[in-house]
Structure formats: C-alpha cells, structure tokens
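*Asks:* I'd like to ask some things about the structure below.
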Amino acid sequence: MQEYVQLRRDGAVAIITLDRPEKVNALDRPMLDRLIALLDEVARSGTARALLITGAGRAFSAGQDLADPAFRIETNFDIAAVIEQTYNAIVRRLRALPIPTIAAVNGVAAGAGANLALTCDIVIAARSASFLQAFARIGLIPDAGGTFMLTRLLGEARAKALAMLAEPLPAETAAQWGLIWKVVDDAALAGEALALAHRLASGPTVALALTKQAIQAASDNGLMAQLDLERDLQAKAGRTHDFAEGIAAFLEKRKPEFRGA
Ligand code: LHQ
C-alpha cells in the first residue's frame, strides 16, 4: 500500500514528508494516523535530535481531506472525536517532543495544514508559500491549535482578521508579522531547512528541549512562575555533559562538541 506520509533519517535528523502531491497533501484519516505513529516512532527512537517536516510537490498541506470517506457530513460523524484523535493528538506530540521541530513550508499551507506547520518550533518558508486559515470558507473555526498560535504570535487583531476573512497570508508577510522565523528563495528552502535541522541536531539537545518547555510554559505563566521554572530547568541543563563541554570549549577557544546529553 502506498504511504502518503514518509519518515526518513539523515544522520541525527528525522524527516517527515507529507507525500500526496496530487491532492496538495490533503490529510485523510490514514495519513493522520500514520503521522501520529511516525511522531511516536521519532520520540521512541531517542536518537533523532531534530525533526524536519515538509511537503512533497507544490504545497505543504491543504489540511483536512474534505473528500475523505471517513469525513462525511451525512453520516453525522463525531467531529470532536476526530479532532481529539487526530489533530489534537498531533499538536500535543509536537509540543511535547523533546527535540527541535522545524517546518519547511514549501508551498501553500491551508487549514489544519497551516496550523500543524505553525505548531513546529521553527517555521521556515519558501518565498512563494502562503498560510491560509481556510476554515471560515467551509463554516468551521480554526483548529489544530490555530486560535492559540495565531493569537499568541500575532495578537487578536490579526488573528481574527486572518481567521474570519480566510485570505492567504504570503510567507513574506508572515515573517514580517512574526508568525514564522524566515523566508528563503524557493530553490534554497530544502537545503536551508536541512542545514538548520542539522545545526539544531548537533546542539545541546537537553538544553534545547528545556528551552522549548520553558518558552511554551511562558504563554501560561506570569513572570514569578516563569522565574521559578527557569531556575529549575536551568538546574537540569547545568547537570548535562553538554554544559560542561560548552564551558570547556569556550575557555579553550574551540567549537563545542555537544552529544545531546
Ligand atoms: C483537496 C483539498 C482538501 C481534499 C485540495 N481536501 N482535496 C479537521 C477535522 C475535522 C473537521 C474539519 O476540519 C479540520 C481541519 C481542516 O483542515 S478544515 C480546512 C480544510 N482545508 C481547506 O478547506 C482547504 C481546501 N483547499 C484549498 O483551498 C485549495 O485547494 C488550496 C488553497 C490548498 C490549493 O489551491 P490550488 O493550488 O489552486 O490547488 P487545487 O485547489 O486545484 O487542489 C489540487 C487538488 O487537490 C484538487 O483535486 P483535483 O482532483 O481537482 O485535481 C483539489 O480538489 C484537491 N484538494 N485541497 N482539503
């Protein structure tokens, strides 16, 4: 059976490709289930030190496959259950994964496809890419964490307009607005994203995981709680080999060799 989501390894980098280009990588239930299984595999392996997610062909993902037989309005399917079992499960995994996640947005990212990209820690996009909160076009609200990410990253004014108007946001504007990390020329995207993933994969993995945890917690915490958390997580970082290596390398004026522990 053809798999529409692929996982491969490039050294310490795990690469997940949404690979259904003829349907602009629209996500049907088997793809979503496989994506969950692959995220679990990456987490379980314990050897991947960065995860790169991208799309095959001209799009990143068109979001939910609206033609999926498992998604038929007339069967009165349980939309809440579907969301919990698929998109919410994916967002929870991406946020909890203790390695940096990078989305390389190669083309349009629509609906839940956009919001899965925005859930990644670092989003790098091709200049021709765009982000489309398509939900209002079909009478839905942004899901897959969209209302959270848009509001936290952009503020209510832009979040509401993007969600209610459902107009595509060009990648360059997304970068100017702080929705994503950066834009590169289309031809450079794959190379730059992989280089970024390798750079992160050779970093102090434990410190990066703790950084991710602290920054995500900052959305919910006040300053006092965040100071407590930073203290506790820094204590953990301070017990790693990579911290000792980082200090030694600095004093010896050489590049550190982090081993991710
Ligand atoms: C598609 C799709 C698609 C199926 C293109 N489905 N076939 C979660 C769970 C529970 C409830 C519901 O919601 C969710 C989350 C969601 O994600 S809801 C939002 C779903 N996504 C959309 O509404 C986006 C729909 N797609 C589009 O707006 C456009 O296709 C975009 C802007 C993504 C790309 O436009 P184009 O570059 O012009 O490509 P196209 O429209 O020609 O699409 C190419 C083919 O892919 C075409 O098939 P065909 O057989 O005619 O060549 C499309 O029908 C198919 N396709 N999106 N979501």
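Note on naming: chains are A, B, ... as they come in the structure tokens, residues start from 1 per chain, ligands start from 1 in the order shown.
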Residues of segment 2-245 of chain A in helix (DSSP H, G or I) according to DSSP, as number ranges by chain?
*Replies:* A: 21-23, 29-45, 73-75, 79-85, 87-96, 112-119, 134-138, 146-154, 156-165, 171-177, 186-201, 205-218, 223-237, 241-245
*Asks:* Given a cut-off of 9 Å, what residues near ligand 1 show up using only C-alpha atoms and all ligand atoms, put as a ChimeraX atom specification?
*Replies:* /A:21-28,58-68,71,78-83,86-87,107-115,130-138,140-144,168
*Asks:* So how far away is atom CA of Ala48 of chain A from atom CA of Leu251 of chain A, in Å?
*Replies:*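 Straight-line distance from atom CA of Leu251 of chain A to atom CA of Ala48 of chain A works out to 29.0 Å.
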*Asks:* If we count only C-alpha atoms and set the cut-off at 10 Å, which residues sit around Gln85 of chain A, ignoring sequence neighbours fewer than 5 positions away in its own chain? Please answer as a ChimeraX atom specification.
*Replies:* /A:29,32-33,36,79-80,90
*Asks:* Pull the strand (DSSP E) assignments for segment 68-125 of chain A out of DSSP run on the backbone, and list those residues as a VMD selection string.
*Replies:* chain A and resid 101 to 105 108 to 110 122 to 125
*Asks:* Could you dump the residues just selected with N, CA, C and O atoms as an mmCIF file, in the first residue's frame?
*Replies:*
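File selection-v1.cif, as written:
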data_model
loop_
_atom_site.group_PDB
_atom_site.id
_atom_site.type_symbol
_atom_site.label_atom_id
_atom_site.label_comp_id
_atom_site.auth_asym_id
_atom_site.auth_seq_id
_atom_site.Cartn_x
_atom_site.Cartn_y
_atom_site.Cartn_z
ATOM 1 N N THR A 101 11.614 20.997 16.481
ATOM 2 C CA THR A 101 10.855 20.630 15.282
ATOM 3 C C THR A 101 10.899 21.815 14.325
ATOM 4 O O THR A 101 10.745 22.975 14.737
ATOM 5 N N ILE A 102 11.122 21.507 13.063
ATOM 6 C CA ILE A 102 11.246 22.560 12.048
ATOM 7 C C ILE A 102 10.230 22.254 10.956
ATOM 8 O O ILE A 102 10.192 21.127 10.444
ATOM 9 N N ALA A 103 9.418 23.225 10.590
ATOM 10 C CA ALA A 103 8.543 23.060 9.432
ATOM 11 C C ALA A 103 9.178 23.795 8.265
ATOM 12 O O ALA A 103 9.483 24.988 8.370
ATOM 13 N N ALA A 104 9.379 23.080 7.163
ATOM 14 C CA ALA A 104 9.842 23.704 5.923
ATOM 15 C C ALA A 104 8.618 23.816 5.032
ATOM 16 O O ALA A 104 8.170 22.842 4.426
ATOM 17 N N VAL A 105 8.047 25.015 4.981
ATOM 18 C CA VAL A 105 6.766 25.215 4.290
ATOM 19 C C VAL A 105 7.065 25.561 2.831
ATOM 20 O O VAL A 105 7.436 26.680 2.499
ATOM 21 N N VAL A 108 1.663 26.308 -0.367
ATOM 22 C CA VAL A 108 0.513 26.709 0.451
ATOM 23 C C VAL A 108 0.331 25.752 1.640
ATOM 24 O O VAL A 108 0.502 24.533 1.523
ATOM 25 N N ALA A 109 0.024 26.347 2.785
ATOM 26 C CA ALA A 109 -0.316 25.587 3.989
ATOM 27 C C ALA A 109 -1.700 26.079 4.396
ATOM 28 O O ALA A 109 -1.862 27.242 4.789
ATOM 29 N N ALA A 110 -2.701 25.200 4.247
ATOM 30 C CA ALA A 110 -4.085 25.642 4.451
ATOM 31 C C ALA A 110 -4.751 24.860 5.581
ATOM 32 O O ALA A 110 -4.411 23.699 5.825
ATOM 33 N N ILE A 122 10.297 25.976 14.833
ATOM 34 C CA ILE A 122 10.850 26.953 13.892
ATOM 35 C C ILE A 122 10.199 26.713 12.535
ATOM 36 O O ILE A 122 10.171 25.574 12.045
ATOM 37 N N VAL A 123 9.655 27.769 11.963
ATOM 38 C CA VAL A 123 8.998 27.648 10.657
ATOM 39 C C VAL A 123 9.792 28.460 9.646
ATOM 40 O O VAL A 123 9.987 29.670 9.818
ATOM 41 N N ILE A 124 10.218 27.778 8.594
ATOM 42 C CA ILE A 124 10.945 28.445 7.507
ATOM 43 C C ILE A 124 10.137 28.168 6.242
ATOM 44 O O ILE A 124 9.673 27.051 6.033
ATOM 45 N N ALA A 125 9.928 29.205 5.453
ATOM 46 C CA ALA A 125 9.012 29.048 4.317
ATOM 47 C C ALA A 125 9.656 29.507 3.021
ATOM 48 O O ALA A 125 10.509 30.408 3.005
#
